[in-house]
$ cat upload_35.cif   # mmCIF, C-alpha atoms
data_query
loop_
_atom_site.label_atom_id
_atom_site.label_comp_id
_atom_site.auth_asym_id
_atom_site.auth_seq_id
_atom_site.Cartn_x
_atom_site.Cartn_y
_atom_site.Cartn_z
CA MET A 1 41.11 1.66 103.67
CA ILE A 2 41.30 5.43 103.61
CA ASP A 3 43.83 6.85 101.20
CA ARG A 4 45.04 10.39 101.23
CA SER A 5 42.76 12.83 99.51
CA ASP A 6 43.79 14.19 96.15
CA ASP A 7 41.85 17.42 96.53
CA ILE A 8 44.32 20.21 96.97
CA ILE A 9 41.79 22.56 98.58
CA ILE A 10 40.71 20.13 101.28
CA LYS A 11 44.28 19.11 101.99
CA THR A 12 45.59 22.63 102.32
CA ILE A 13 42.74 23.89 104.44
CA ALA A 14 43.03 20.86 106.73
CA ARG A 15 46.77 21.35 106.99
CA ILE A 16 46.30 24.93 108.14
CA PHE A 17 43.35 24.31 110.43
CA VAL A 18 44.37 21.13 112.27
CA PRO A 19 46.79 22.81 114.73
CA PHE A 20 44.18 25.43 115.62
CA ILE A 21 41.46 22.82 116.03
CA GLN A 22 43.72 20.88 118.37
CA LEU A 23 44.56 23.95 120.41
CA TYR A 24 40.88 24.87 120.58
CA ALA A 25 40.12 21.36 121.84
CA LEU A 26 42.75 21.71 124.56
CA TYR A 27 41.31 25.13 125.44
CA VAL A 28 37.85 23.61 125.82
CA ILE A 29 39.26 20.88 128.06
CA MET A 30 41.36 23.23 130.20
CA HIS A 31 38.61 25.80 130.70
CA GLY A 32 35.89 23.23 131.36
CA HIS A 33 35.52 24.37 134.96
CA TYR A 34 35.10 28.05 134.06
CA SER A 35 33.10 28.09 130.87
CA PRO A 36 30.91 25.78 128.80
CA GLY A 37 32.69 22.71 127.55
CA GLY A 38 34.82 20.21 129.35
CA GLY A 39 36.53 16.90 128.93
CA PHE A 40 33.99 15.21 126.71
CA GLN A 41 33.48 18.09 124.30
CA GLY A 42 37.18 18.86 124.07
CA GLY A 43 38.02 15.20 123.61
CA VAL A 44 35.55 14.91 120.75
CA ILE A 45 37.06 17.96 119.04
CA LEU A 46 40.55 16.54 119.49
CA GLY A 47 39.44 13.19 118.06
CA ALA A 48 37.78 15.01 115.17
CA SER A 49 41.01 16.83 114.35
CA LEU A 50 42.81 13.48 114.17
CA ALA A 51 40.03 12.09 111.99
CA LEU A 52 40.37 15.09 109.69
CA LEU A 53 44.09 14.48 109.41
CA LEU A 54 43.44 10.80 108.68
CA ILE A 55 40.98 11.62 105.92
CA THR A 56 43.11 14.26 104.27
CA HIS A 57 46.69 13.12 104.80
CA GLY A 58 46.32 9.37 105.09
CA TYR A 59 47.27 6.75 107.64
CA ASP A 60 51.05 7.06 107.36
CA GLU A 61 51.00 10.72 108.31
CA ILE A 62 48.99 9.99 111.46
CA LYS A 63 51.18 7.06 112.41
CA ARG A 64 54.27 9.26 112.13
CA ARG A 65 52.76 11.75 114.59
CA ILE A 66 50.87 9.59 117.05
CA PRO A 67 51.31 5.82 116.77
CA GLU A 68 48.28 3.61 117.31
CA GLY A 69 49.76 2.23 120.54
CA VAL A 70 50.03 5.69 122.09
CA ILE A 71 46.37 6.39 121.34
CA ILE A 72 45.24 3.17 123.03
CA LEU A 73 47.55 3.95 125.95
CA LEU A 74 46.04 7.45 126.27
CA GLY A 75 42.56 5.91 126.37
CA SER A 76 43.55 3.80 129.35
CA VAL A 77 45.56 6.54 131.06
CA GLY A 78 42.51 8.81 130.97
CA VAL A 79 40.38 6.28 132.84
CA LEU A 80 43.26 5.79 135.27
CA ILE A 81 43.46 9.52 136.01
CA TYR A 82 39.70 9.74 136.56
CA ALA A 83 39.54 6.67 138.82
CA GLY A 84 42.77 7.66 140.55
CA ILE A 85 41.49 11.09 141.55
CA GLY A 86 38.20 9.57 142.67
CA LEU A 87 39.88 6.88 144.75
CA THR A 88 42.35 9.37 146.25
CA CYS A 89 39.39 11.36 147.55
CA LEU A 90 37.89 8.14 148.91
CA LEU A 91 41.14 7.22 150.66
CA LEU A 92 41.40 10.70 152.18
CA GLY A 93 38.10 10.11 153.93
CA GLY A 94 35.63 11.79 151.61
CA ASN A 95 33.21 10.47 149.03
CA TYR A 96 34.25 9.26 145.58
CA LEU A 97 35.35 12.35 143.60
CA ASP A 98 34.92 14.58 146.67
CA TYR A 99 37.58 17.03 145.45
CA GLY A 100 37.58 19.09 148.65
CA GLN A 101 39.59 16.36 150.37
CA LEU A 102 42.47 16.90 147.91
CA SER A 103 43.39 20.13 149.75
CA VAL A 104 45.41 17.98 152.17
CA ILE A 105 47.73 16.74 149.40
CA LEU A 106 47.84 19.87 147.26
CA HIS A 107 48.33 22.25 150.22
CA VAL A 108 45.68 24.71 149.02
CA ASP A 109 42.30 25.73 150.36
CA PRO A 110 39.38 23.37 149.60
CA ALA A 111 37.78 25.66 147.01
CA HIS A 112 40.99 25.80 144.99
CA ALA A 113 41.44 22.04 145.43
CA ARG A 114 37.99 21.46 143.93
CA SER A 115 38.93 23.53 140.91
CA LEU A 116 42.18 21.63 140.36
CA GLY A 117 40.49 18.27 140.97
CA ILE A 118 37.85 19.01 138.35
CA LEU A 119 40.59 20.08 135.93
CA GLY A 120 42.37 16.75 136.45
CA VAL A 121 39.19 14.77 135.90
CA GLU A 122 38.42 16.78 132.76
CA LEU A 123 41.90 16.00 131.49
CA GLY A 124 41.36 12.27 132.03
CA VAL A 125 37.96 12.36 130.37
CA GLY A 126 39.41 14.33 127.46
CA PHE A 127 42.21 11.83 126.84
CA THR A 128 39.87 8.85 126.93
CA VAL A 129 37.20 10.41 124.75
CA MET A 130 39.79 11.52 122.20
CA ALA A 131 41.32 8.06 122.02
CA ILE A 132 38.01 6.22 121.82
CA MET A 133 36.51 8.61 119.26
CA TYR A 134 39.55 8.28 117.07
CA SER A 135 39.65 4.50 117.52
CA ILE A 136 36.00 4.13 116.54
CA PHE A 137 36.51 6.27 113.47
CA PHE A 138 39.69 4.45 112.58
CA ASP A 139 38.10 1.01 112.98
CA ILE A 140 35.12 1.95 110.84
CA ALA A 141 37.39 3.47 108.21
CA THR A 142 39.73 0.50 107.98
CA GLY A 143 37.34 -2.30 108.80
CA GLY A 144 39.59 -3.16 111.74
CA ILE A 145 42.50 -4.15 109.51
CA LEU A 146 45.68 -2.15 109.84
CA PRO A 147 47.59 -1.42 106.63
CA GLU A 148 50.58 -3.25 108.07
CA ASP A 149 48.51 -6.39 108.64
CA GLN A 150 47.15 -6.12 105.13
CA LYS A 151 50.62 -5.88 103.66
CA ARG A 152 51.83 -8.82 105.73
CA GLU A 153 48.87 -10.93 104.66
CA GLU A 154 49.48 -10.09 101.02
CA LYS A 155 53.12 -11.03 101.41
CA VAL A 156 52.21 -14.36 102.99
CA LYS A 157 49.71 -15.01 100.23
CA ARG A 158 52.29 -14.20 97.56
CA GLU A 159 54.94 -16.42 99.06
CA GLY A 160 52.75 -19.34 100.03
CA MET B 1 124.38 -1.72 55.80
CA GLU B 2 124.13 1.97 56.42
CA VAL B 3 120.60 1.96 55.16
CA THR B 4 119.45 -0.90 57.42
CA LEU B 5 121.04 0.78 60.44
CA PHE B 6 119.28 3.97 59.58
CA ILE B 7 115.98 2.16 59.22
CA HIS B 8 116.49 0.45 62.60
CA ALA B 9 117.28 3.78 64.23
CA ALA B 10 114.20 5.33 62.67
CA ASP B 11 112.11 2.39 63.86
CA ASP B 12 113.43 2.78 67.40
CA ALA B 13 112.79 6.49 67.37
CA PHE B 14 109.29 5.90 66.11
CA ARG B 15 108.63 3.30 68.85
CA ILE B 16 109.90 5.64 71.53
CA LEU B 17 107.71 8.40 70.22
CA GLU B 18 104.70 6.07 70.18
CA ASN B 19 105.36 5.04 73.79
CA ALA B 20 105.69 8.63 74.88
CA LYS B 21 102.40 9.45 73.18
CA MET B 22 100.65 6.55 74.90
CA GLN B 23 101.99 7.63 78.25
CA ALA B 24 100.90 11.19 77.65
CA VAL B 25 97.39 10.06 76.72
CA GLY B 26 97.25 7.86 79.84
CA LEU B 27 98.36 10.75 82.01
CA LEU B 28 95.81 13.06 80.46
CA ASP B 29 93.09 10.46 81.00
CA THR B 30 93.90 10.07 84.68
CA ALA B 31 94.05 13.81 85.07
CA THR B 32 90.59 14.23 83.56
CA ARG B 33 89.20 11.41 85.68
CA LEU B 34 90.68 12.92 88.81
CA THR B 35 89.27 16.36 88.08
CA SER B 36 85.81 14.98 87.34
CA GLU B 37 85.91 12.94 90.53
CA THR B 38 86.95 15.87 92.64
CA ARG B 39 84.36 18.03 90.98
CA TRP B 40 81.67 15.46 91.68
CA MET B 41 82.76 15.27 95.30
CA GLU B 42 82.81 19.02 95.58
CA GLU B 43 79.34 19.26 94.12
CA LYS B 44 78.08 16.66 96.55
CA LYS B 45 79.66 18.49 99.44
CA VAL B 46 78.06 21.79 98.42
CA GLN B 47 74.71 20.04 98.08
CA THR B 48 74.89 18.55 101.58
CA ILE B 49 75.88 21.91 103.01
CA LEU B 50 72.97 23.61 101.27
CA LYS B 51 70.53 20.94 102.40
CA GLY B 52 71.77 20.96 105.98
CA ALA B 53 71.53 24.74 106.19
CA GLN B 54 67.99 24.62 104.88
CA GLU B 55 66.86 21.87 107.24
CA THR B 56 68.29 23.26 110.46
CA ARG B 57 66.83 26.59 109.56
CA SER B 58 63.37 25.30 108.80
CA GLY B 59 62.82 22.76 111.61
CA LEU B 60 63.31 24.96 114.65
CA GLN B 61 61.95 28.02 112.93
CA ASN B 62 58.72 26.22 112.04
CA PHE B 63 58.31 25.01 115.60
CA LEU B 64 58.83 28.49 117.03
CA ALA B 65 56.56 30.18 114.50
CA THR B 66 53.79 27.64 115.11
CA PHE B 67 54.23 27.99 118.86
CA VAL B 68 53.94 31.77 118.76
CA MET B 69 50.84 31.67 116.55
CA LEU B 70 49.17 29.05 118.75
CA MET B 71 50.04 31.00 121.91
CA ALA B 72 48.45 34.13 120.46
CA PHE B 73 45.37 32.08 119.54
CA TRP B 74 45.26 30.71 123.10
CA ALA B 75 45.44 34.20 124.62
CA LEU B 76 42.62 35.29 122.32
CA LEU B 77 40.43 32.35 123.37
CA SER B 78 41.25 32.22 127.05
CA GLY B 79 41.23 35.87 128.05
CA LYS B 80 42.69 34.93 131.45
CA PHE B 81 46.19 36.20 131.97
CA ASP B 82 47.08 34.80 135.38
CA ALA B 83 50.16 32.62 135.72
CA PHE B 84 48.21 29.36 135.98
CA HIS B 85 46.26 29.77 132.76
CA LEU B 86 49.22 31.17 130.83
CA SER B 87 51.37 28.20 131.84
CA LEU B 88 48.56 25.87 130.73
CA GLY B 89 48.61 27.75 127.43
CA VAL B 90 52.36 27.35 127.07
CA ILE B 91 52.12 23.60 127.73
CA CYS B 92 49.19 23.09 125.34
CA SER B 93 50.75 25.22 122.58
CA GLY B 94 54.01 23.35 123.03
CA ILE B 95 52.33 19.96 122.67
CA VAL B 96 50.34 20.99 119.59
CA ALA B 97 53.34 22.75 118.03
CA TYR B 98 55.48 19.67 118.61
CA LEU B 99 52.86 17.39 117.06
CA SER B 100 52.12 19.51 114.02
CA HIS B 101 54.92 22.00 113.43
CA ASP B 102 55.39 20.71 109.89
CA LEU B 103 51.71 21.07 109.00
CA LEU B 104 51.28 24.81 109.13
CA PHE B 105 54.37 25.57 107.06
CA ALA B 106 54.45 22.43 104.95
CA ASN B 107 55.23 23.79 101.49
CA VAL B 108 55.68 27.37 102.26
CA ARG B 109 57.36 29.36 99.54
CA VAL B 110 60.12 31.64 100.44
CA GLY B 111 59.10 35.21 100.81
CA ASP B 112 58.71 37.83 103.47
CA GLY B 113 55.87 36.70 105.71
CA ARG B 114 55.03 40.24 106.80
CA VAL B 115 54.73 41.44 103.22
CA ILE B 116 52.44 38.50 102.40
CA ALA B 117 50.28 39.22 105.45
CA ARG B 118 50.00 42.91 104.55
CA ARG B 119 49.15 42.18 100.94
CA PHE B 120 46.60 39.58 102.04
CA LEU B 121 44.91 42.14 104.30
CA GLY B 122 44.87 44.54 101.37
CA TYR B 123 43.26 41.86 99.19
CA ILE B 124 40.28 41.36 101.50
CA PRO B 125 38.53 44.75 100.86
CA TRP B 126 38.86 44.25 97.12
CA LEU B 127 37.37 40.76 97.45
CA LEU B 128 34.52 42.10 99.58
CA TYR B 129 33.80 44.77 96.97
CA GLU B 130 33.75 42.10 94.24
CA ILE B 131 31.41 39.95 96.32
CA VAL B 132 29.00 42.83 96.88
CA THR B 133 28.88 43.84 93.21
CA ALA B 134 28.51 40.21 92.11
CA ASN B 135 25.70 39.83 94.65
CA PHE B 136 23.77 42.64 93.00
CA TYR B 137 24.34 41.16 89.56
CA VAL B 138 23.17 37.69 90.60
CA ALA B 139 20.14 39.22 92.33
CA TYR B 140 19.35 41.05 89.09
CA LEU B 141 19.62 37.77 87.17
CA ALA B 142 17.35 36.04 89.65
CA VAL B 143 14.58 38.65 89.78
CA SER B 144 14.48 39.68 86.14
CA PRO B 145 11.42 38.00 84.55
CA LYS B 146 13.29 36.38 81.68
CA MET B 147 16.02 35.10 84.01
CA PRO B 148 18.77 35.47 81.41
CA ILE B 149 21.19 32.92 82.79
CA ASP B 150 23.60 30.96 80.69
CA PRO B 151 25.27 28.36 82.91
CA GLN B 152 28.61 27.12 81.72
CA ILE B 153 31.66 25.31 82.97
CA ILE B 154 34.99 26.89 82.15
CA ARG B 155 38.42 25.37 82.53
CA PHE B 156 41.63 27.29 82.65
CA LYS B 157 45.26 26.66 83.45
CA THR B 158 46.61 28.83 86.21
CA LYS B 159 50.01 30.43 86.44
CA LEU B 160 50.02 30.25 90.24
CA GLU B 161 52.66 28.01 91.72
CA SER B 162 51.91 27.04 95.31
CA ASP B 163 49.05 25.15 96.93
CA ILE B 164 48.17 28.02 99.24
CA SER B 165 47.67 30.40 96.33
CA TRP B 166 45.56 27.83 94.47
CA VAL B 167 43.37 27.49 97.53
CA THR B 168 43.08 31.25 97.96
CA LEU B 169 42.05 31.67 94.33
CA ALA B 170 39.62 28.72 94.45
CA ASN B 171 37.95 29.98 97.61
CA SER B 172 37.79 33.54 96.30
CA ILE B 173 36.04 32.25 93.18
CA THR B 174 33.59 30.24 95.27
CA LEU B 175 32.91 33.18 97.60
CA THR B 176 32.02 35.42 94.69
CA PRO B 177 28.36 34.81 93.81
CA GLY B 178 27.80 33.41 90.35
CA THR B 179 30.94 31.33 90.20
CA VAL B 180 31.78 28.09 91.99
CA THR B 181 35.05 26.21 91.86
CA ILE B 182 34.31 22.59 91.06
CA ASP B 183 37.79 21.13 91.01
CA VAL B 184 41.44 22.04 91.10
CA ALA B 185 43.78 19.42 89.72
CA GLU B 186 47.20 19.67 88.17
CA ARG B 187 47.07 23.46 87.94
CA GLU B 188 43.79 23.28 86.07
CA PHE B 189 40.75 25.02 87.50
CA MET B 190 37.24 23.90 86.64
CA VAL B 191 34.73 26.61 87.43
CA HIS B 192 30.98 26.76 87.05
CA ALA B 193 29.76 30.20 85.98
CA LEU B 194 26.17 31.34 86.00
CA ASP B 195 26.35 33.75 83.13
CA ARG B 196 28.45 34.80 80.17
CA LYS B 197 29.35 38.11 81.81
CA VAL B 198 30.46 36.42 85.03
CA ALA B 199 32.60 34.01 83.05
CA ALA B 200 34.10 36.88 81.07
CA ASP B 201 34.90 38.72 84.30
CA LEU B 202 36.72 35.66 85.55
CA ASP B 203 38.50 35.30 82.26
CA THR B 204 40.17 38.71 82.58
CA GLY B 205 42.35 37.11 85.22
CA GLU B 206 42.36 40.07 87.57
CA MET B 207 41.69 37.91 90.60
CA GLU B 208 44.48 35.55 89.62
CA ASP B 209 46.88 38.46 89.20
CA ARG B 210 45.99 39.81 92.60
CA VAL B 211 46.46 36.40 94.28
CA ALA B 212 49.80 36.04 92.52
CA HIS B 213 50.73 39.47 93.84
CA ILE B 214 49.87 38.46 97.44
CA PHE B 215 52.06 35.39 97.42
CA MET B 216 54.86 37.11 95.53
CA GLU B 217 54.57 34.87 92.53
CA ALA B 218 54.18 37.65 90.02
CA ASP B 219 57.27 39.55 90.95
CA HIS B 220 60.18 37.20 91.31
CA ILE B 221 61.76 38.73 94.35
CA TYR B 222 61.52 35.70 96.59
CA ILE B 223 64.94 34.40 95.65
CA GLN B 224 66.81 36.72 97.99
CA ASP B 225 65.87 34.92 101.17
CA VAL B 226 66.23 31.32 100.03
CA LEU B 227 69.22 30.37 102.11
CA ASP B 228 71.47 31.55 104.83
CA VAL B 229 74.12 32.50 102.29
CA SER B 230 76.90 33.77 104.55
CA ARG B 231 77.32 30.40 106.24
CA ILE B 232 77.60 28.59 102.93
CA PHE B 233 80.20 31.03 101.66
CA ALA B 234 82.24 30.58 104.79
CA GLU B 235 82.08 26.80 104.42
CA LEU B 236 83.07 27.02 100.77
CA LYS B 237 86.03 29.25 101.53
CA ARG B 238 87.25 26.94 104.25
CA GLY B 239 86.69 23.56 102.64
CA ILE B 240 87.20 23.87 98.92
#

$ encode --input "upload_35.cif" --output "structure tokens"
Amino acid sequence: MIDRSDDIIIKTIARIFVPFIQLYALYVIMHGHYSPGGGFQGGVILGASLALLLITHGYDEIKRRIPEGVIILLGSVGVLIYAGIGLTCLLLGGNYLDYGQLSVILHVDPAHARSLGILGVELGVGFTVMAIMYSIFFDIATGGILPEDQKREEKVKREG
Amino acid sequence: MEVTLFIHAADDAFRILENAKMQAVGLLDTATRLTSETRWMEEKKVQTILKGAQETRSGLQNFLATFVMLMAFWALLSGKFDAFHLSLGVICSGIVAYLSHDLLFANVRVGDGRVIARRFLGYIPWLLYEIVTANFYVAYLAVSPKMPIDPQIIRFKTKLESDISWVTLANSITLTPGTVTIDVAEREFMVHALDRKVAADLDTGEMEDRVAHIFMEADHIYIQDVLDVSRIFAELKRGI
């Protein structure tokens, strides 16, 4: 299991940089339809910032900010957003992910609707990638055993 | 007869006196206990007031400060100032600031932020000058045929007090060619130096003094802003 780092330099630098890394990740996601980047890249950066926090500040700190359940939920919600936008386009009579059809719901011209549709899809992709990246890292780091489970097992072992 | 009566009377008087003394001692005891109890309660009350004032001040302030910094960073990155992108920026900065408002200002020492920023900006040219001169010296060591290096590891205790100043000093040492910070633990720096002269330069402690000056640890003027004093005085006047 990963414990918090004792190195004061790494801890302090991580503490100062994590908010900016997270904001940069969100910037990459939100501007995916204008500039290089997008949901996947931004999601990876966001997951990396969480991994950095996990390495430097330990599991408890992460759990206090974003519980494990929320991360798993975000992973599913991202897929839901992606599939939902795609299916909405399908139901409106276009192809799957044919964003132009969204202009009917959003009351904007088709070009603008495409832009917003792509933004929504990027957001979904970003959420899922962030959650899965973090989950993979977390599972490798802990060997799939949560600290709570470990404590409970030890308790059972002690008592029995 | 007279004598026995007198003795009895004296005995009685003595007993009464003894009783009075006991009562007085008891009274004094209770009085002391009461004062100490009230004092303890008063102290506790003052402590909670101080703590509450500090916490309410720091929580919201940290959130707002983080939000403003992140929003500025967003504007710098985005470069689009239409309503749509700015509102995206506000939402994103809000989320990140909510998630990590206690990270950026975790163990910040009390001091005027603007003064620290100004002093930090003033420190950078000096550091750059040091880096350039050290570069020339290390280049001289590397190209001179005898290569007169004398690698050594030096340890020293620092007088700096906060983690941010330790990190600034450690990174400044690493940035200067010829010296590398190996470890910082328990206020003790372990530094690898390439040469006796480089080590001696480090040993003068000029860099440490300058870092202490940035973070206001040399001049103890950071007391003034510790707490919102007026509120505490008002509470003290009213309550106690």

$ resolve_selection --input "upload_35.cif" --expression "the PyMOL selection byres ((chain A) within 7 of (chain B))" --output "list of chain:residue names"
A:Ile8, A:Ile9, A:Thr12, A:Arg15, A:Ile16, A:Pro19, A:Phe20, A:Gln22, A:Leu23, A:Leu26, A:Arg65

$ residues_around --input "upload_35.cif" --residues "stretch 42-59 of chain A" --least-positions-apart "3" --cutoff "9 Å" --atoms "only C-alpha atoms" --output "ChimeraX atom specification"
/A:1-7,10-12,14-15,17-19,21-30,32,37-39,62-64,123,125-135,137-138,147

$ atom_distance --input "upload_35.cif" --atom1 "atom CA of A:Glu154" --atom2 "atom CA of A:Glu61"
22.1 Å

$ atom_distance --input "upload_35.cif" --atom1 "atom CA of B:Leu194" --atom2 "atom CA of B:Pro151"
4.4 Å

$ residues_around --input "upload_35.cif" --residues "stretch 136-140 of chain B" --least-positions-apart "6" --cutoff "9 Å" --atoms "only C-alpha atoms" --output "list in words"
Met147, Pro177, Gly178, Leu194 and Val198 of chain B

$ residues_around --input "upload_35.cif" --residues "A:His112" --least-positions-apart "2" --cutoff "12 Å" --atoms "only C-alpha atoms" --output "ChimeraX atom specification"
/A:33,99-104,106-110,114-119

$ atom_distance --input "upload_35.cif" --atom1 "atom CA of A:Pro67" --atom2 "atom CA of A:Arg158"
27.8 Å

$ residues_near_point --input "upload_35.cif" --point "(33.0, 26.2, 82.1)" --cutoff "6 Å" --atoms "all atoms listed in the file" --output "ChimeraX atom specification"
/B:152-155,191-192

$ residues_around --input "upload_35.cif" --residues "stretch 199-215 of chain B" --least-positions-apart "6" --cutoff "10 Å" --atoms "all atoms listed in the file" --output "PyMOL selection string"
chain B and resi 109-113+115-123+126-127+130+150-156+158-162+164-170+172-173+178-179+191-193+222

$ decode --input "upload_35.cif" --residues "stretch 28-90 of chain B" --atoms "C-alpha atoms" --output "mmCIF file, in the first residue's frame"
data_model
loop_
_atom_site.group_PDB
_atom_site.id
_atom_site.type_symbol
_atom_site.label_atom_id
_atom_site.label_comp_id
_atom_site.auth_asym_id
_atom_site.auth_seq_id
_atom_site.Cartn_x
_atom_site.Cartn_y
_atom_site.Cartn_z
ATOM 1 C CA LEU B 28 -10.301 29.908 51.580
ATOM 2 C CA ASP B 29 -9.993 26.503 49.911
ATOM 3 C CA THR B 30 -13.347 26.807 48.179
ATOM 4 C CA ALA B 31 -12.508 30.320 47.119
ATOM 5 C CA THR B 32 -9.250 29.197 45.529
ATOM 6 C CA ARG B 33 -10.955 26.268 43.829
ATOM 7 C CA LEU B 34 -13.666 28.524 42.476
ATOM 8 C CA THR B 35 -11.193 31.038 41.106
ATOM 9 C CA SER B 36 -9.095 28.347 39.445
ATOM 10 C CA GLU B 37 -12.214 26.813 37.929
ATOM 11 C CA THR B 38 -13.439 30.101 36.575
ATOM 12 C CA ARG B 39 -10.001 30.896 35.291
ATOM 13 C CA TRP B 40 -9.812 27.546 33.525
ATOM 14 C CA MET B 41 -13.226 28.138 31.990
ATOM 15 C CA GLU B 42 -12.239 31.615 30.926
ATOM 16 C CA GLU B 43 -9.072 30.321 29.340
ATOM 17 C CA LYS B 44 -11.020 27.671 27.481
ATOM 18 C CA LYS B 45 -13.507 30.245 26.274
ATOM 19 C CA VAL B 46 -10.745 32.524 24.991
ATOM 20 C CA GLN B 47 -9.137 29.574 23.241
ATOM 21 C CA THR B 48 -12.347 28.601 21.449
ATOM 22 C CA ILE B 49 -12.901 32.198 20.404
ATOM 23 C CA LEU B 50 -9.369 32.439 19.036
ATOM 24 C CA LYS B 51 -9.680 29.140 17.205
ATOM 25 C CA GLY B 52 -13.077 29.984 15.745
ATOM 26 C CA ALA B 53 -11.863 33.356 14.514
ATOM 27 C CA GLN B 54 -8.884 31.729 12.864
ATOM 28 C CA GLU B 55 -10.902 28.990 11.179
ATOM 29 C CA THR B 56 -13.688 31.121 9.765
ATOM 30 C CA ARG B 57 -11.092 33.504 8.496
ATOM 31 C CA SER B 58 -8.953 30.881 6.832
ATOM 32 C CA GLY B 59 -11.576 28.607 5.213
ATOM 33 C CA LEU B 60 -13.420 31.092 3.044
ATOM 34 C CA GLN B 61 -10.349 33.191 2.450
ATOM 35 C CA ASN B 62 -8.411 30.189 1.157
ATOM 36 C CA PHE B 63 -11.240 29.253 -1.173
ATOM 37 C CA LEU B 64 -11.485 32.762 -2.586
ATOM 38 C CA ALA B 65 -7.730 33.178 -2.963
ATOM 39 C CA THR B 66 -7.421 29.813 -4.731
ATOM 40 C CA PHE B 67 -10.374 30.661 -6.954
ATOM 41 C CA VAL B 68 -8.904 33.989 -8.013
ATOM 42 C CA MET B 69 -5.501 32.465 -8.766
ATOM 43 C CA LEU B 70 -7.039 29.619 -10.765
ATOM 44 C CA MET B 71 -9.284 32.032 -12.679
ATOM 45 C CA ALA B 72 -6.259 34.127 -13.632
ATOM 46 C CA PHE B 73 -4.463 30.954 -14.746
ATOM 47 C CA TRP B 74 -7.524 29.989 -16.809
ATOM 48 C CA ALA B 75 -7.630 33.389 -18.524
ATOM 49 C CA LEU B 76 -3.929 33.057 -19.307
ATOM 50 C CA LEU B 77 -4.417 29.599 -20.850
ATOM 51 C CA SER B 78 -7.692 30.147 -22.635
ATOM 52 C CA GLY B 79 -7.238 33.566 -24.196
ATOM 53 C CA LYS B 80 -10.940 33.600 -25.138
ATOM 54 C CA PHE B 81 -12.933 36.201 -23.285
ATOM 55 C CA ASP B 82 -16.454 35.585 -24.538
ATOM 56 C CA ALA B 83 -19.189 34.852 -22.015
ATOM 57 C CA PHE B 84 -19.326 31.121 -22.795
ATOM 58 C CA HIS B 85 -15.654 30.421 -22.184
ATOM 59 C CA LEU B 86 -15.456 32.698 -19.146
ATOM 60 C CA SER B 87 -18.409 30.925 -17.538
ATOM 61 C CA LEU B 88 -16.721 27.587 -18.258
ATOM 62 C CA GLY B 89 -13.660 29.010 -16.522
ATOM 63 C CA VAL B 90 -15.681 30.099 -13.503
#
